[in-house]
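File shown: structure-v2.cif. Contents: mmCIF, C-alpha atoms and all ligand atoms.
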```cif
data_coords
#
loop_
_atom_site.label_atom_id
_atom_site.label_comp_id
_atom_site.auth_asym_id
_atom_site.auth_seq_id
_atom_site.Cartn_x
_atom_site.Cartn_y
_atom_site.Cartn_z
CA MET B 1 -17.03 -4.72 -29.84
CA GLU B 2 -16.18 -2.37 -26.98
CA SER B 3 -14.99 -4.14 -23.83
CA LYS B 4 -17.20 -4.03 -20.78
CA GLN B 5 -16.60 -1.52 -18.01
CA TYR B 6 -15.69 -2.77 -14.54
CA LEU B 7 -18.04 -1.62 -11.77
CA LEU B 8 -15.63 -2.22 -8.89
CA GLY B 9 -13.59 0.99 -8.72
CA MET B 10 -16.36 3.29 -9.99
CA THR B 11 -17.77 5.99 -7.71
CA LEU B 12 -21.52 6.27 -7.11
CA ALA B 13 -21.57 9.36 -9.36
CA GLU B 14 -19.83 7.47 -12.18
CA ILE B 15 -22.14 4.46 -11.85
CA THR B 16 -25.22 6.71 -11.83
CA GLU B 17 -24.04 8.57 -14.92
CA SER B 18 -23.51 5.29 -16.79
CA VAL B 19 -26.89 3.97 -15.66
CA LEU B 20 -28.65 7.11 -16.96
CA GLU B 21 -26.87 6.74 -20.31
CA LEU B 22 -28.48 3.29 -20.57
CA ASN B 23 -31.90 4.86 -19.83
CA LEU B 24 -32.21 3.00 -16.53
CA PRO B 25 -33.67 4.75 -13.47
CA LYS B 26 -31.30 6.98 -11.50
CA PHE B 27 -31.81 5.01 -8.25
CA THR B 28 -30.36 1.90 -9.94
CA GLY B 29 -26.95 3.57 -9.51
CA LYS B 30 -27.34 3.55 -5.74
CA GLN B 31 -28.63 -0.05 -5.82
CA ILE B 32 -25.59 -1.18 -7.83
CA ALA B 33 -23.11 0.60 -5.52
CA ASP B 34 -24.78 -1.06 -2.54
CA TRP B 35 -24.57 -4.52 -4.13
CA ILE B 36 -20.91 -4.14 -5.05
CA TYR B 37 -19.44 -2.28 -2.11
CA VAL B 38 -21.62 -3.32 0.83
CA LYS B 39 -23.18 -6.66 -0.13
CA ARG B 40 -20.00 -7.66 -1.96
CA VAL B 41 -21.66 -9.55 -4.84
CA LYS B 42 -19.52 -11.12 -7.53
CA SER B 43 -22.09 -11.09 -10.35
CA ILE B 44 -24.79 -8.82 -11.73
CA ASP B 45 -27.27 -11.75 -11.50
CA GLU B 46 -27.12 -11.48 -7.71
CA MET B 47 -28.54 -7.91 -7.80
CA THR B 48 -32.04 -9.19 -7.17
CA ASN B 49 -33.78 -5.87 -6.48
CA ILE B 50 -33.04 -4.82 -10.08
CA SER B 51 -35.46 -6.23 -12.69
CA LEU B 52 -34.29 -9.14 -14.82
CA LYS B 53 -34.55 -7.01 -17.95
CA ASN B 54 -32.41 -4.25 -16.45
CA ARG B 55 -29.87 -6.77 -15.16
CA GLU B 56 -29.56 -8.08 -18.72
CA ILE B 57 -28.89 -4.56 -19.98
CA LEU B 58 -26.31 -4.09 -17.23
CA SER B 59 -24.61 -7.42 -18.03
CA GLU B 60 -24.25 -6.38 -21.68
CA ASN B 61 -22.32 -3.30 -20.60
CA PHE B 62 -20.57 -4.12 -17.31
CA ASP B 63 -18.57 -6.71 -15.44
CA ILE B 64 -18.20 -6.55 -11.68
CA GLY B 65 -14.39 -6.67 -11.96
CA ARG B 66 -13.84 -9.10 -9.10
CA SER B 67 -11.22 -11.85 -9.35
CA ASP B 68 -10.26 -14.47 -6.77
CA PRO B 69 -6.62 -15.10 -5.86
CA LEU B 70 -4.88 -17.66 -8.06
CA ASP B 71 -2.79 -18.84 -5.15
CA VAL B 72 -2.81 -18.48 -1.36
CA LYS B 73 0.21 -19.29 0.82
CA THR B 74 0.01 -19.31 4.62
CA SER B 75 3.02 -18.68 6.86
CA VAL B 76 3.69 -20.45 10.15
CA ASP B 77 2.80 -17.14 11.86
CA GLY B 78 -0.63 -16.89 10.14
CA THR B 79 0.46 -14.27 7.58
CA ARG B 80 -1.01 -15.02 4.16
CA LYS B 81 0.25 -14.11 0.70
CA MET B 82 -2.17 -14.03 -2.24
CA LEU B 83 -1.37 -13.91 -5.94
CA PHE B 84 -3.80 -12.00 -8.18
CA ARG B 85 -3.99 -11.60 -11.92
CA THR B 86 -4.68 -8.07 -13.15
CA HIS B 87 -7.07 -7.17 -15.99
CA ASN B 88 -4.02 -6.83 -18.29
CA GLY B 89 -2.80 -10.37 -17.49
CA LYS B 90 -0.04 -9.26 -15.13
CA PHE B 91 0.43 -10.44 -11.55
CA ILE B 92 0.54 -8.85 -8.12
CA GLU B 93 0.85 -10.04 -4.56
CA THR B 94 -1.17 -9.06 -1.49
CA VAL B 95 -0.48 -9.95 2.13
CA THR B 96 -2.76 -10.22 5.18
CA ILE B 97 -1.25 -10.09 8.65
CA PRO B 98 -3.25 -11.18 11.73
CA GLU B 99 -2.21 -9.68 15.06
CA ASP B 100 -4.29 -9.83 18.25
CA ASP B 101 -7.75 -8.58 17.24
CA ARG B 102 -6.51 -6.89 14.06
CA LEU B 103 -6.21 -8.11 10.50
CA THR B 104 -4.06 -5.81 8.37
CA ILE B 105 -4.05 -6.05 4.61
CA CYS B 106 -0.91 -4.96 2.80
CA VAL B 107 -2.01 -4.01 -0.72
CA SER B 108 -0.06 -3.46 -3.93
CA SER B 109 -0.52 -0.26 -5.89
CA GLN B 110 1.59 -1.15 -8.94
CA VAL B 111 2.89 -4.20 -10.81
CA GLY B 112 6.56 -3.83 -9.84
CA CYS B 113 8.05 -0.41 -9.11
CA ARG B 114 10.31 2.01 -10.95
CA MET B 115 11.97 3.55 -7.88
CA ASN B 116 14.74 0.96 -7.92
CA CYS B 117 15.65 0.97 -4.23
CA ASP B 118 18.69 -1.22 -3.80
CA PHE B 119 17.25 -3.40 -1.04
CA CYS B 120 13.81 -4.21 -2.49
CA MET B 121 12.69 -7.18 -4.61
CA THR B 122 9.80 -5.22 -6.11
CA GLY B 123 12.27 -2.55 -7.22
CA LYS B 124 14.35 -5.20 -8.99
CA GLN B 125 11.27 -6.08 -11.05
CA GLY B 126 10.94 -2.60 -12.57
CA LEU B 127 7.55 -1.03 -13.29
CA GLN B 128 5.17 -3.06 -15.45
CA ASP B 129 1.83 -1.38 -14.81
CA ASN B 130 -0.19 0.89 -12.58
CA LEU B 131 -3.13 -0.78 -10.87
CA THR B 132 -6.58 0.70 -11.39
CA ALA B 133 -8.69 1.70 -8.37
CA GLY B 134 -10.75 -1.44 -9.03
CA GLU B 135 -7.67 -3.69 -8.97
CA ILE B 136 -6.58 -2.14 -5.69
CA LEU B 137 -10.07 -2.67 -4.23
CA ASN B 138 -10.28 -6.20 -5.57
CA GLN B 139 -7.42 -7.13 -3.23
CA VAL B 140 -9.47 -5.89 -0.27
CA TYR B 141 -12.66 -7.61 -1.40
CA SER B 142 -11.20 -10.92 -2.62
CA VAL B 143 -8.66 -12.02 0.00
CA PRO B 144 -9.77 -14.78 2.38
CA ASP B 145 -11.33 -13.28 5.54
CA SER B 146 -11.96 -10.04 3.66
CA GLU B 147 -14.77 -9.04 6.02
CA ASP B 148 -12.44 -9.24 9.04
CA ILE B 149 -9.96 -6.67 7.72
CA THR B 150 -9.42 -3.87 10.23
CA ASN B 151 -6.58 -1.90 8.62
CA LEU B 152 -5.00 -1.33 5.26
CA VAL B 153 -1.42 -0.35 4.47
CA PHE B 154 -0.09 0.58 1.04
CA MET B 155 3.09 -1.40 1.67
CA GLY B 156 2.82 -4.09 -0.98
CA MET B 157 4.28 -3.85 -4.47
CA GLY B 158 4.80 -0.37 -5.85
CA GLU B 159 5.15 3.24 -4.82
CA PRO B 160 1.62 4.51 -4.08
CA LEU B 161 2.47 8.15 -4.80
CA ASP B 162 3.63 7.11 -8.27
CA ASN B 163 0.05 5.95 -8.97
CA TYR B 164 -1.61 8.55 -6.81
CA LYS B 165 -4.81 9.08 -8.81
CA ASN B 166 -5.87 5.45 -8.48
CA VAL B 167 -4.62 5.04 -4.91
CA LYS B 168 -6.62 8.11 -3.91
CA LYS B 169 -9.74 6.87 -5.65
CA ALA B 170 -9.50 3.40 -4.05
CA SER B 171 -9.01 4.96 -0.60
CA GLU B 172 -11.97 7.29 -1.13
CA LEU B 173 -14.16 4.37 -2.15
CA LEU B 174 -13.24 2.49 1.06
CA MET B 175 -14.20 5.59 3.05
CA ALA B 176 -17.36 6.43 1.07
CA GLU B 177 -20.65 6.48 2.99
CA TYR B 178 -22.25 4.30 0.31
CA GLY B 179 -19.34 1.82 0.59
CA LEU B 180 -17.58 0.39 3.63
CA ALA B 181 -17.51 3.84 5.31
CA TRP B 182 -14.03 3.26 6.75
CA SER B 183 -12.43 5.92 8.89
CA PRO B 184 -9.23 7.38 7.32
CA LYS B 185 -7.45 6.16 10.45
CA ARG B 186 -7.70 2.62 9.11
CA ILE B 187 -5.52 3.45 6.10
CA THR B 188 -1.75 4.09 6.01
CA LEU B 189 0.10 5.12 2.89
CA SER B 190 3.79 4.24 2.83
CA SER B 191 6.03 6.20 0.50
CA ILE B 192 9.61 7.12 -0.25
CA GLY B 193 8.30 10.69 -0.57
CA LEU B 194 7.58 11.90 -4.12
CA THR B 195 7.21 15.51 -3.05
CA SER B 196 4.59 16.87 -5.45
CA ASN B 197 2.14 14.02 -4.89
CA LEU B 198 3.03 13.90 -1.20
CA LYS B 199 1.80 17.46 -0.88
CA ARG B 200 -1.45 16.51 -2.63
CA PHE B 201 -1.91 13.51 -0.35
CA LEU B 202 -1.32 15.66 2.73
CA ASP B 203 -3.79 18.28 1.53
CA ASP B 204 -6.62 16.08 0.35
CA SER B 205 -6.56 13.08 2.65
CA ARG B 206 -6.65 12.40 6.37
CA CYS B 207 -5.07 8.94 6.14
CA HIS B 208 -1.91 8.09 8.08
CA LEU B 209 1.51 8.40 6.46
CA ALA B 210 4.69 6.33 6.73
CA ILE B 211 7.86 7.62 5.09
CA SER B 212 10.60 5.17 4.11
CA LEU B 213 13.70 7.02 5.28
CA HIS B 214 16.44 4.39 5.85
CA ASN B 215 19.41 6.77 6.08
CA PRO B 216 19.58 10.31 7.52
CA ILE B 217 22.70 11.24 5.53
CA PRO B 218 21.62 12.40 2.05
CA GLU B 219 24.64 11.14 0.07
CA GLU B 220 24.37 7.74 1.71
CA ARG B 221 20.60 7.59 1.22
CA LEU B 222 21.20 8.35 -2.46
CA SER B 223 23.45 5.29 -2.75
CA ILE B 224 20.55 2.95 -1.84
CA MET B 225 17.55 5.07 -2.94
CA PRO B 226 17.82 6.88 -6.31
CA ILE B 227 14.78 9.03 -5.41
CA GLU B 228 17.03 11.05 -3.07
CA LYS B 229 18.28 12.88 -6.16
CA SER B 230 14.93 14.34 -7.26
CA ALA B 231 13.12 14.34 -3.90
CA PRO B 232 15.74 14.82 -1.15
CA ILE B 233 14.71 13.63 2.30
CA THR B 234 15.40 17.13 3.70
CA SER B 235 12.74 18.62 1.39
CA VAL B 236 10.31 15.83 2.33
CA ILE B 237 10.83 16.62 6.03
CA ASP B 238 10.48 20.37 5.40
CA LEU B 239 7.15 19.67 3.73
CA LEU B 240 5.98 17.46 6.60
CA ARG B 241 6.79 20.20 9.09
CA ASP B 242 4.07 22.37 7.53
CA TYR B 243 1.33 19.97 8.69
CA ASP B 244 -0.23 19.40 12.07
CA TRP B 245 0.44 15.85 13.29
CA SER B 246 -0.64 16.38 16.84
CA HIS B 247 -4.20 15.06 16.49
CA GLN B 248 -5.60 11.93 14.93
CA ARG B 249 -3.34 11.72 11.89
CA ARG B 250 -0.20 9.65 12.39
CA LEU B 251 3.22 10.22 10.87
CA SER B 252 5.81 7.48 11.08
CA PHE B 253 9.21 6.82 9.58
CA GLU B 254 10.40 3.42 8.43
CA TYR B 255 14.07 2.65 8.94
CA ILE B 256 15.51 -0.62 7.64
CA MET B 257 18.62 -1.52 9.60
CA PHE B 258 21.56 -2.69 7.50
CA ASP B 259 24.57 -4.18 9.23
CA GLY B 260 27.55 -1.79 9.25
CA VAL B 261 25.77 0.64 6.92
CA ASN B 262 23.26 2.72 8.91
CA ASP B 263 23.05 1.04 12.30
CA SER B 264 25.65 2.76 14.51
CA PRO B 265 24.74 5.29 17.24
CA LEU B 266 26.02 8.07 14.94
CA TYR B 267 23.07 7.36 12.58
CA ALA B 268 20.62 7.33 15.48
CA ARG B 269 21.87 10.79 16.49
CA GLU B 270 21.71 12.10 12.89
CA LEU B 271 18.19 10.71 12.55
CA ALA B 272 17.15 12.40 15.77
CA LYS B 273 18.56 15.72 14.47
CA LEU B 274 16.73 15.38 11.16
CA LEU B 275 13.38 14.62 12.82
CA ASN B 276 13.84 16.99 15.75
CA GLY B 277 10.54 18.57 16.80
CA LEU B 278 8.34 16.49 14.47
CA ASP B 279 5.49 14.63 16.14
CA CYS B 280 6.23 11.16 14.76
CA ARG B 281 7.04 7.53 15.44
CA ILE B 282 10.03 5.60 14.16
CA ASN B 283 9.72 1.94 13.14
CA LEU B 284 12.95 0.00 12.90
CA ILE B 285 12.61 -2.76 10.32
CA ARG B 286 14.71 -5.87 10.05
CA PHE B 287 16.25 -6.17 6.59
CA HIS B 288 14.82 -9.16 4.75
CA VAL B 289 17.71 -10.44 2.71
CA ILE B 290 17.06 -10.49 -1.02
CA PRO B 291 19.04 -12.33 -3.69
CA MET B 292 22.11 -10.64 -5.16
CA SER B 293 22.32 -7.91 -2.54
CA LYS B 294 25.42 -7.33 -0.45
CA LEU B 295 23.32 -5.74 2.29
CA ARG B 296 22.93 -7.72 5.51
CA PRO B 297 20.56 -7.29 8.46
CA SER B 298 21.75 -5.62 11.65
CA THR B 299 22.19 -7.69 14.76
CA ASP B 300 19.45 -7.65 17.41
CA GLU B 301 21.95 -6.00 19.75
CA ASN B 302 22.55 -3.07 17.37
CA MET B 303 18.83 -2.67 16.73
CA ILE B 304 18.10 -2.50 20.45
CA LYS B 305 20.91 0.03 21.04
CA PHE B 306 19.63 2.13 18.14
CA ARG B 307 16.09 2.05 19.48
CA ASP B 308 17.26 2.98 22.98
CA THR B 309 19.27 5.96 21.68
CA LEU B 310 16.19 7.30 19.89
CA SER B 311 13.91 6.58 22.86
CA SER B 312 16.29 8.48 25.15
CA LYS B 313 15.87 11.47 22.84
CA GLY B 314 12.09 11.35 23.30
CA PHE B 315 11.04 9.50 20.13
CA ILE B 316 8.50 6.69 20.14
CA CYS B 317 10.62 4.04 18.49
CA THR B 318 9.76 0.38 18.02
CA ILE B 319 11.41 -2.61 16.40
CA ARG B 320 8.87 -4.01 13.98
CA ALA B 321 8.43 -7.79 14.09
CA SER B 322 9.02 -9.47 10.73
CA ARG B 323 6.01 -11.39 9.49
CA GLY B 324 5.66 -14.00 6.77
CA GLU B 325 9.37 -14.26 5.93
CA ASP B 326 9.09 -18.05 5.34
CA ILE B 327 6.68 -17.50 2.43
CA PHE B 328 8.48 -14.40 1.05
CA ALA B 329 5.60 -12.20 2.21
CA ALA B 330 7.63 -9.84 4.41
CA CYS B 331 8.20 -6.16 3.52
CA GLY B 332 10.18 -5.74 0.32
CA MET B 333 10.11 -9.43 -0.62
CA LEU B 334 7.16 -9.24 -3.03
CA SER B 335 7.90 -9.82 -6.68
CA THR B 336 6.01 -11.32 -9.57
CA SER B 337 8.82 -10.96 -12.11
CA LYS B 338 9.33 -14.75 -12.32
CA ILE B 339 5.64 -15.31 -13.00
CA GLY B 340 6.03 -13.36 -16.21
CA ASN B 341 3.83 -11.20 -18.31
CA LYS B 342 1.05 -12.95 -20.13
CA SER B 343 -0.63 -9.88 -21.63
C1 LIG C 401 7.73 -2.48 -0.41
S1 LIG C 401 7.53 -0.86 0.21
C2 LIG C 401 6.04 -0.29 -0.59
C3 LIG C 401 5.65 1.11 -0.22
C4 LIG C 401 6.54 2.23 -0.74
N1 LIG C 401 6.99 2.01 -2.05
C5 LIG C 401 7.71 2.47 0.20
O1 LIG C 401 8.84 2.19 -0.19
O2 LIG C 401 7.46 2.97 1.29
C6 LIG C 401 6.99 -1.10 1.89
C7 LIG C 401 8.13 -1.07 2.91
O3 LIG C 401 9.00 -2.18 2.72
C8 LIG C 401 10.32 -1.76 2.94
N2 LIG C 401 11.26 -2.69 2.33
C9 LIG C 401 11.61 -2.80 1.04
N3 LIG C 401 12.50 -3.79 0.86
C10 LIG C 401 12.72 -4.33 2.09
C11 LIG C 401 13.53 -5.42 2.55
N4 LIG C 401 14.26 -6.16 1.73
N5 LIG C 401 13.52 -5.70 3.88
C12 LIG C 401 12.74 -4.99 4.73
N6 LIG C 401 11.94 -3.97 4.34
C13 LIG C 401 11.93 -3.66 3.03
C14 LIG C 401 10.29 -0.39 2.30
O4 LIG C 401 11.39 0.39 2.65
C15 LIG C 401 8.99 0.17 2.83
O5 LIG C 401 9.19 0.77 4.09
S1 LIG C 402 11.00 0.13 -1.41
FE1 LIG C 402 9.08 0.96 -2.18
S2 LIG C 402 9.73 2.60 -3.59
FE2 LIG C 402 11.54 1.36 -3.21
S3 LIG C 402 11.57 -0.08 -4.94
FE3 LIG C 402 10.49 -1.09 -3.21
S4 LIG C 402 8.35 -0.66 -3.57
FE4 LIG C 402 9.51 0.77 -4.82
#
```

How does the structure come out when it is put into structure tokens?
Amino acid sequence: MESKQYLLGMTLAEITESVLELNLPKFTGKQIADWIYVKRVKSIDEMTNISLKNREILSENFDIGRSDPLDVKTSVDGTRKMLFRTHNGKFIETVTIPEDDRLTICVSSQVGCRMNCDFCMTGKQGLQDNLTAGEILNQVYSVPDSEDITNLVFMGMGEPLDNYKNVKKASELLMAEYGLAWSPKRITLSSIGLTSNLKRFLDDSRCHLAISLHNPIPEERLSIMPIEKSAPITSVIDLLRDYDWSHQRRLSFEYIMFDGVNDSPLYARELAKLLNGLDCRINLIRFHVIPMSKLRPSTDENMIKFRDTLSSKGFICTIRASRGEDIFAACGMLSTSKIGNKS
């Protein structure tokens, strides 16, 4: 028997095509999309404007594709970390971060990651799977307080440009008129800069972009980020210079500060040279210590000096507050390798 298709993650056009194949009326496609994406139902039975007979036909062929978190941990600062099981029996984590009147969701795009950055727990896990568009959306729809989410960042597990097709589709579904109709300004993709897919993202999306830079000196960046070999930061920056960042679209750079490695004024000056003339922001991130790494976080004093050097050169530079460190929910601390693979 063929397995059922999941509705969450399908576009209106795809749903309509499937509905027509089942000899159901064309408008049922629009009804289904509305039930899933706007009314957020978890079962086909709840689609009460579709006849019982047609709902039975739908149930024989489709599942909604929603799944609740298996576990929810809440930090002292209100940050929450959720554990989800994927359709293939693997596990991912998702984080929600409340701040003033905003609730940001930090979603995973992959189970693990193959980019192997030296400082990241997800990288230590290796890549186990790409998430489907539906699995990415399920995080948005199934976290507690889902309806209060104001912003989404692709900063959970995985490198979003390494699963670009599904990341793009999930983002488009969040922005679709028949769905939640989000503005692209609510979505930020964070990437280490896989150049070919970065170009695609820049051309076909209007979402914000954050580039994980971490060291302005290529040889030194290579020693902590293997991607520097195939996608050097200088070529990423050259590419970014071809786009107009002066309007609504935001470009930012993430810079983790490692004690004695990349936190002296020399690095601030090199960073300023590299980014000279680009309309961007720089976020300085505290390093969240991970097991078996020799890297240590910079002192507050060095972070402040670094920020002030960049500010004096005209950059908007902020020190990002760490959130959810007590429950291992902070940037780079997500990993489901210990939970295992039950596929
Ligand atoms: C986990 S990544 C996911 C998105 C994408 N793969 C990337 O690297 O931009 C999100 C952010 O967390 C940062 N990060 C990774 N490990 C970290 C750690 N141990 N401490 C602080 N930030 C970390 C990354 O550099 C990146 O800016
Ligand atoms: S920092 Fe991003 S790209 Fe690097 S290993 Fe972690 S998730 Fe992957």

Give me, as CSV, each residue of chain B that comes within 9 Å of ligand LIG 401 (chain C), together with its shortest interatomic pair and the distance in Å at one decimal, counting all atoms listed in the file, with rows ordered by chain and rising residue number.
```
residue,atom,partner,partner_atom,distance
B:Cys106,CA,C:LIG401,C6,8.8
B:Val107,CA,C:LIG401,C2,8.9
B:Ser108,CA,C:LIG401,C2,7.6
B:Ser109,CA,C:LIG401,C2,8.4
B:Cys113,CA,C:LIG401,N1,7.5
B:Met115,CA,C:LIG401,N1,7.8
B:Cys117,CA,C:LIG401,C9,7.6
B:Asp118,CA,C:LIG401,N3,8.2
B:Phe119,CA,C:LIG401,N4,4.9
B:Cys120,CA,C:LIG401,N3,3.6
B:Met121,CA,C:LIG401,N3,6.4
B:Thr122,CA,C:LIG401,C1,6.7
B:Gly123,CA,C:LIG401,N3,8.2
B:Val153,CA,C:LIG401,C3,8.6
B:Phe154,CA,C:LIG401,C3,5.9
B:Met155,CA,C:LIG401,C2,3.9
B:Gly156,CA,C:LIG401,C2,5.0
B:Met157,CA,C:LIG401,C1,5.5
B:Gly158,CA,C:LIG401,N1,5.0
B:Glu159,CA,C:LIG401,N1,3.5
B:Pro160,CA,C:LIG401,N1,6.3
B:Leu161,CA,C:LIG401,N1,8.1
B:Asp162,CA,C:LIG401,N1,8.7
B:Leu189,CA,C:LIG401,C3,7.5
B:Ser190,CA,C:LIG401,O2,4.2
B:Ser191,CA,C:LIG401,O2,3.6
B:Ile192,CA,C:LIG401,O2,4.9
B:Gly193,CA,C:LIG401,O2,8.0
B:Ala210,CA,C:LIG401,O2,7.0
B:Ile211,CA,C:LIG401,O2,6.0
B:Ser212,CA,C:LIG401,O5,4.6
B:Leu213,CA,C:LIG401,O4,7.5
B:His214,CA,C:LIG401,O4,7.2
B:Phe253,CA,C:LIG401,O5,8.2
B:Glu254,CA,C:LIG401,O5,5.2
B:Tyr255,CA,C:LIG401,O5,7.1
B:Ile256,CA,C:LIG401,N6,5.9
B:Met257,CA,C:LIG401,C12,8.4
B:Ile285,CA,C:LIG401,C12,6.0
B:Arg286,CA,C:LIG401,C12,5.7
B:Phe287,CA,C:LIG401,N5,3.9
B:His288,CA,C:LIG401,N5,3.8
B:Val289,CA,C:LIG401,N4,5.6
B:Ile290,CA,C:LIG401,N4,5.8
B:Pro297,CA,C:LIG401,N5,8.5
B:Ser322,CA,C:LIG401,C12,8.4
B:Ala330,CA,C:LIG401,C12,7.1
B:Cys331,CA,C:LIG401,O3,4.1
B:Gly332,CA,C:LIG401,N3,3.1
B:Met333,CA,C:LIG401,N4,5.8
B:Leu334,CA,C:LIG401,C1,7.3
```

Go ahead and fit an axis-aligned box to every listed atom of ligand LIG 402 (chain C) plus 8 Å each side, and pass me the centre and edge lengths in Å, one decimal, as AutoDock Vina command-line options.
```
--center_x 10.0 --center_y 0.8 --center_z -3.2 --size_x 19.2 --size_y 19.7 --size_z 19.5
```

Original post:
If we count only C-alpha atoms, what is near range 54-68 of chain B at a cut-off of 8 Å, once residues fewer than 2 positions away on the same chain are taken out, given as an NGL selection string?
Top reply: :B and (4-8 or 22 or 24 or 36 or 42-45 or 47 or 50-52 or 70 or 84-85 or 134-135 or 138 or 141-143)

Subject >> Which of B:Ile282, B:Val76, B:Met292, B:Ala321 sits closest to Asp308 in chain B [using only C-alpha atoms] >> reply: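 Of B:Ile282, B:Val76, B:Met292, B:Ala321, the one nearest Asp308 in chain B is B:Ile282, counting only C-alpha atoms.
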
Subject >> Counting all atoms listed in the file, the residue of B:Val111, B:Leu239, B:Leu209, B:Leu251 that sits nearest ligand LIG 402 (chain C) >> reply: B:Val111

Original post:
Hey, can you check how far CA of Val140 in chain B sits from CA of Lys90 in chain B?
Top reply: 17.9 Å
